[in-house]
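**Student:** Quick one: the structure is below, and I'll ask about it shortly.
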Amino acid sequence: MSEFRQLLCNMAEGLFADLADADFNAIWPRIEEAGFASLLIPEDMGGFGGDWGDVYAVLRIAGRHALSAPLGDTIIAHRLLIDAGITPPAGPIGLVRTKGKVSFGRYCSGVIFVDDYELRLIEVAASEVIEGNSLAGEPFDIIRPIGVPIASAQCNADLAALGAFALVAQSAGALESAFELTLEHVNTRVQFGKALGRFQAVQQAMAEFSVEAAAINVAGQAMAAALDKGDVLDDGAVFEIAASKLRANMAIEKCFPIAHRLHGAIGFTMEYALNHYTRRLMDWRGDCGNDAYWASQLGRHVSRLGGTGFWPEITRRSDAAAPVA
């Protein structure tokens with residue numbers, strides 16, 4: 001980890017820990033003051049000058065602390081707008097999902113739509129907002145544009161893929177926190193005269209949990225590295241994003257029941273912290289493409305390679321995304 005990324009992570013860790021139980025109106029001014037929205041904007045344009053690996057590290061910490069704000073969407077939106085020559089508006093900026101849904105849409109100043117290779121920046125205040133909630137109980141609203149956009153430009157960005165990147169990063173952090181809560185519980189909860197963690201069946205379940213949590217993180221880091229070297233990959237790292245999102249979805253499917261089964265009844269209470277992570281994980285699993293969507297994306301890509309082309313393609317992509325010595 002670079003010195004810059006370590007400093008960035010230390011700042012994020014302290015801030016997000018302070019904001020873990022706060023509501024949106026208390027969270028966003030602190031996020032904006034810290035400047036995280038400009039993480040992917042070059043330094044000479046007033047930003048942090050970070051890369052996708054830095055974004056992954058910050059969003060993973062946000063997931064660890066169940067940060068209730070559209071940080072990932074806003075960071076990505078700022079990058080898309082700057083690349084398009086558009087000055088980002090103040091405040092959070094959302095990325096539109098399927099059927100016009102936007103995370104924390106009611107609180108956003110603007111929302112980005114990308115259709116037919118055109119980016120449109122829509123003002124939320126001048127749009128119809130149909131309020132709704134995610135499985136985690138967070139705002140997940142339908143934004144219907146009314147009138148002309150604030151700005152528009154040519155753009156070939158895949159919003160589903162970029163949104164999936166953010167969700168994988170946050171899922172890695174949330175799953176890590178769920179694992180730590182579960183580990184603490186089985187090591188302190190005594191049953192039949194000994195801690196739950198001393199039973200072999202529990203140890204096996206925790207070992208599986210640990211492997212799955214590590215797998216998401218490794219896949220996510222590979223995805224970020226591919227995005228940073230996207231100019232040398234023919235599809236802009238969509239292959240790595242698809243693999244990472246599918247791997248994250250698979251891990252969530254396995255780990256969600258382990259966490260709640262080992263916690264027992266307390267794991268289902270709203271007062272206990274576990275649901276802050278597991279409800280988000282189940283929501284993120286279906287957002288920005290579910291298992292079937294990303295499996296289909298991967299399947300089509302691999303099938304085009306033919307019987308002898310798969311391994312050379314894997315090594316080519318790994319070499320392209322590897323750091324320069």
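For the structure tokens, the naming scheme is as follows: chains receive sequential letters (A, B, ...) according to their order of presentation, residues are indexed from 1 within each chain, and ligands are indexed from 1 in presentation order.
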Which of segment 36-177 of chain A end up as strand (DSSP E) when DSSP is run on this backbone - answer as a PyMOL selection string?
**Tutor:** chain A and resi 93-95+101-103+110-115+118-123+128-130+140-144+151-154
**Student:** For the residues selected in the previous step, produce a file with C-alpha atoms as a PDB file, in the first residue's frame.
**Tutor:**
```
ATOM      1  CA  ILE A  93     -24.640  13.052  -7.292  1.00  0.00           C
ATOM      2  CA  GLY A  94     -26.436   9.804  -8.076  1.00  0.00           C
ATOM      3  CA  LEU A  95     -26.013   7.212 -10.813  1.00  0.00           C
ATOM      4  CA  LYS A 101     -33.867   4.209  -9.407  1.00  0.00           C
ATOM      5  CA  VAL A 102     -31.165   6.165  -7.597  1.00  0.00           C
ATOM      6  CA  SER A 103     -29.599   5.490  -4.211  1.00  0.00           C
ATOM      7  CA  GLY A 110     -28.047  15.848  -9.645  1.00  0.00           C
ATOM      8  CA  VAL A 111     -28.351  12.420 -11.259  1.00  0.00           C
ATOM      9  CA  ILE A 112     -26.400  10.996 -14.187  1.00  0.00           C
ATOM     10  CA  PHE A 113     -28.152   9.061 -16.949  1.00  0.00           C
ATOM     11  CA  VAL A 114     -26.213   7.385 -19.783  1.00  0.00           C
ATOM     12  CA  ASP A 115     -28.278   6.286 -22.795  1.00  0.00           C
ATOM     13  CA  GLU A 118     -24.908  10.174 -24.215  1.00  0.00           C
ATOM     14  CA  LEU A 119     -24.392  11.348 -20.649  1.00  0.00           C
ATOM     15  CA  ARG A 120     -27.131  13.580 -19.238  1.00  0.00           C
ATOM     16  CA  LEU A 121     -26.848  15.416 -15.934  1.00  0.00           C
ATOM     17  CA  ILE A 122     -30.341  15.895 -14.506  1.00  0.00           C
ATOM     18  CA  GLU A 123     -31.257  18.310 -11.722  1.00  0.00           C
ATOM     19  CA  GLU A 128     -40.280  13.992 -10.339  1.00  0.00           C
ATOM     20  CA  VAL A 129     -39.086  12.027  -7.296  1.00  0.00           C
ATOM     21  CA  ILE A 130     -40.949   8.882  -6.266  1.00  0.00           C
ATOM     22  CA  PHE A 140     -33.816   4.284  -3.062  1.00  0.00           C
ATOM     23  CA  ASP A 141     -35.909   6.606  -5.195  1.00  0.00           C
ATOM     24  CA  ILE A 142     -37.178   6.738  -8.771  1.00  0.00           C
ATOM     25  CA  ILE A 143     -36.043   9.923 -10.528  1.00  0.00           C
ATOM     26  CA  ARG A 144     -38.071  10.931 -13.580  1.00  0.00           C
ATOM     27  CA  ALA A 151     -25.620  19.395 -19.298  1.00  0.00           C
ATOM     28  CA  SER A 152     -24.953  16.553 -21.706  1.00  0.00           C
ATOM     29  CA  ALA A 153     -21.984  15.033 -23.511  1.00  0.00           C
ATOM     30  CA  GLN A 154     -20.901  11.946 -25.391  1.00  0.00           C
TER      31      GLN A 154
END
```
**Student:** Which of these residues is nearest to Lys99 of chain A, using only C-alpha atoms: A:Ile216, A:Ala57, A:Cys288, A:Phe36?
**Tutor:**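 So, comparing all the options, the nearest one is A:Cys288.
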**Student:** Given only C-alpha atoms as the basis, pick out the residue of A:Gln6, A:Arg300, A:Trp284, A:Ala207 nearest to Cys255 of chain A.
**Tutor:**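 Of the candidates, the smallest distance to Cys255 of chain A is held by A:Ala207.
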**Student:** Nearest to Trp28 of chain A among A:Gly306, A:Pro70, A:Pro42, A:Gly47, with distances taken over only C-alpha atoms: which residue is it?
**Tutor:**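 So, comparing all the options, the nearest one is A:Pro70.
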**Student:** Could the residues of segment 33-56 of chain A that have an atom at most 12 Å from segment 157-173 of chain A be listed as a tab-separated table, each with its closest atom pair and the distance in Å to one decimal, counting only C-alpha atoms and ordered by chain and ascending residue number?
**Tutor:**
```
residue	atom	partner	partner_atom	distance
A:Trp52	CA	A:Phe165	CA	9.5
A:Gly53	CA	A:Ala169	CA	10.0
A:Asp54	CA	A:Ala169	CA	10.8
A:Val55	CA	A:Ala166	CA	8.4
A:Tyr56	CA	A:Ala169	CA	5.4
```
**Student:** With N, CA and C atoms kept, could you save the residues just selected as a PDB file, in the first residue's frame?
**Tutor:**
```pdb
ATOM      1  N   TRP A  52      -8.295   4.132  -8.993  1.00  0.00           N
ATOM      2  CA  TRP A  52      -9.411   3.241  -8.642  1.00  0.00           C
ATOM      3  C   TRP A  52      -9.069   2.366  -7.433  1.00  0.00           C
ATOM      4  N   GLY A  53      -7.790   2.056  -7.256  1.00  0.00           N
ATOM      5  CA  GLY A  53      -7.386   1.310  -6.066  1.00  0.00           C
ATOM      6  C   GLY A  53      -7.639   2.101  -4.795  1.00  0.00           C
ATOM      7  N   ASP A  54      -7.415   3.410  -4.863  1.00  0.00           N
ATOM      8  CA  ASP A  54      -7.706   4.272  -3.712  1.00  0.00           C
ATOM      9  C   ASP A  54      -9.210   4.318  -3.430  1.00  0.00           C
ATOM     10  N   VAL A  55      -9.994   4.412  -4.502  1.00  0.00           N
ATOM     11  CA  VAL A  55     -11.455   4.433  -4.336  1.00  0.00           C
ATOM     12  C   VAL A  55     -11.930   3.134  -3.708  1.00  0.00           C
ATOM     13  N   TYR A  56     -11.393   2.013  -4.200  1.00  0.00           N
ATOM     14  CA  TYR A  56     -11.779   0.708  -3.635  1.00  0.00           C
ATOM     15  C   TYR A  56     -11.488   0.666  -2.134  1.00  0.00           C
TER      16      TYR A  56
END
```
**Student:** Please, what distance in Å, to one decimal, runs between atom CA of Gln297 of chain A and atom CA of Lys245 of chain A?
**Tutor:**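 Taking atom CA of Gln297 of chain A as the start and atom CA of Lys245 of chain A as the end point, the length is 11.0 Å.
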**Student:** List every residue of segment 195-271 of chain A that DSSP, applied to the backbone of this structure, assigns to alpha helix (DSSP H), and report them as a PyMOL selection string.
**Tutor:** chain A and resi 200-228+238-263
**Student:** Measuring between only C-alpha atoms, which one of A:Ala322, A:Val124, A:Ala84, A:Leu246 shows the shortest distance to Ala224 of chain A?
**Tutor:** A:Ala322
**Student:** So which one's closest to Phe256 of chain A, A:Lys194, A:His78, A:Arg285, A:Lys229? Using only C-alpha atoms, please.
**Tutor:**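 Counting only C-alpha atoms, the residue closest to Phe256 of chain A is A:Arg285.
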**Student:** May I have the residues within 9 Å of Ser38 of chain A as a list in words, using only C-alpha atoms and disregarding those fewer than 6 positions away in the same chain?
**Tutor:**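 Residues meeting the cut-off are Gly46, Gly47, Phe48, Gly49, Gly50, Thr74, Ile75, His78 and Arg79 of chain A.
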**Student:** Now that the selection is made, can you save its residues with C-alpha atoms as a PDB file, in the first residue's frame?
**Tutor:**
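The result, written out as result.pdb:
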```
ATOM      1  CA  GLY A  46      -8.448  20.577  -7.440  1.00  0.00           C
ATOM      2  CA  GLY A  47      -8.948  16.891  -6.651  1.00  0.00           C
ATOM      3  CA  PHE A  48      -7.085  14.192  -4.715  1.00  0.00           C
ATOM      4  CA  GLY A  49      -5.541  12.702  -7.860  1.00  0.00           C
ATOM      5  CA  GLY A  50      -6.298   9.187  -6.640  1.00  0.00           C
ATOM      6  CA  THR A  74     -20.680  10.624  -6.125  1.00  0.00           C
ATOM      7  CA  ILE A  75     -16.988   9.771  -6.582  1.00  0.00           C
ATOM      8  CA  HIS A  78     -17.432  13.420 -10.474  1.00  0.00           C
ATOM      9  CA  ARG A  79     -14.979  11.434 -12.612  1.00  0.00           C
TER      10      ARG A  79
END
```
**Student:** Please indicate the distance in Å from atom CA of Asn156 of chain A to atom CA of Gly105 of chain A, rounded to one decimal place.
**Tutor:** 22.7 Å
**Student:** Please report as JSON lines every residue of segment 63-129 of chain A lying within 10 Å of segment 271-276 of chain A, along with the nearest atom pair and their distance in Å (one decimal), using only C-alpha atoms.
**Tutor:**
```
{"residue": "A:His65", "atom": "CA", "partner": "A:His276", "partner_atom": "CA", "distance": 9.1}
{"residue": "A:Ala66", "atom": "CA", "partner": "A:His276", "partner_atom": "CA", "distance": 6.6}
{"residue": "A:Leu67", "atom": "CA", "partner": "A:His276", "partner_atom": "CA", "distance": 9.7}
```
**Student:** With all heavy atoms retained, could you export that selection as a PDB file, in the first residue's frame?
**Tutor:**
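Result saved to out.pdb:
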```pdb
ATOM      1  N   HIS A  65     -18.141   0.335   7.987  1.00  0.00           N
ATOM      2  CA  HIS A  65     -18.827   1.159   8.990  1.00  0.00           C
ATOM      3  C   HIS A  65     -20.282   1.440   8.626  1.00  0.00           C
ATOM      4  O   HIS A  65     -20.936   2.269   9.284  1.00  0.00           O
ATOM      5  CB  HIS A  65     -18.067   2.468   9.185  1.00  0.00           C
ATOM      6  CG  HIS A  65     -16.709   2.296   9.806  1.00  0.00           C
ATOM      7  ND1 HIS A  65     -16.533   1.944  11.128  1.00  0.00           N
ATOM      8  CD2 HIS A  65     -15.460   2.378   9.272  1.00  0.00           C
ATOM      9  CE1 HIS A  65     -15.244   1.843  11.396  1.00  0.00           C
ATOM     10  NE2 HIS A  65     -14.566   2.099  10.289  1.00  0.00           N
ATOM     11  N   ALA A  66     -20.796   0.739   7.607  1.00  0.00           N
ATOM     12  CA  ALA A  66     -22.197   0.907   7.177  1.00  0.00           C
ATOM     13  C   ALA A  66     -22.545   2.371   6.970  1.00  0.00           C
ATOM     14  O   ALA A  66     -23.590   2.860   7.430  1.00  0.00           O
ATOM     15  CB  ALA A  66     -23.138   0.258   8.207  1.00  0.00           C
ATOM     16  N   LEU A  67     -21.664   3.089   6.268  1.00  0.00           N
ATOM     17  CA  LEU A  67     -21.872   4.506   6.019  1.00  0.00           C
ATOM     18  C   LEU A  67     -23.132   4.721   5.187  1.00  0.00           C
ATOM     19  O   LEU A  67     -23.269   4.167   4.102  1.00  0.00           O
ATOM     20  CB  LEU A  67     -20.661   5.095   5.292  1.00  0.00           C
ATOM     21  CG  LEU A  67     -20.658   6.609   5.107  1.00  0.00           C
ATOM     22  CD1 LEU A  67     -20.418   7.313   6.445  1.00  0.00           C
ATOM     23  CD2 LEU A  67     -19.597   7.022   4.093  1.00  0.00           C
TER      24      LEU A  67
END
```
**Student:** Taking 6 positions as the minimum chain separation for residues in the same chain, which residues sit within 8 Å of Pro139 of chain A when counting only C-alpha atoms? Answer as a list in words.
**Tutor:** Ser103, Phe104, Gly105, Arg106, Glu131, Gly132 and Asn133 of chain A
**Student:** Can you measure atom CA of Tyr277 of chain A to atom CA of Ala178 of chain A for me? One decimal in Å is fine.
**Tutor:** 6.3 Å
**Student:** Using only C-alpha atoms, which of the listed residues (A:Cys108, A:Arg279, A:Val96, A:Ala62) sits closest to Asn25 of chain A?
**Tutor:**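 Closest to Asn25 of chain A, using only C-alpha atoms: A:Cys108.
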**Student:** With only C-alpha atoms as the counted atoms, please give the residues lying no more than 12 Å from Gly230 of chain A, apart from itself and same-chain residues fewer than 5 positions off, as a list in words.
**Tutor:**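 Selected residues are Asp51, Trp52, Ala222, Met223, Ala224, Ala225, Asp235, Gly236, Ala237, Val238, Phe239, Glu240, Ile241, Arg317, Ser318, Ala320, Ala321 and Ala322 of chain A.
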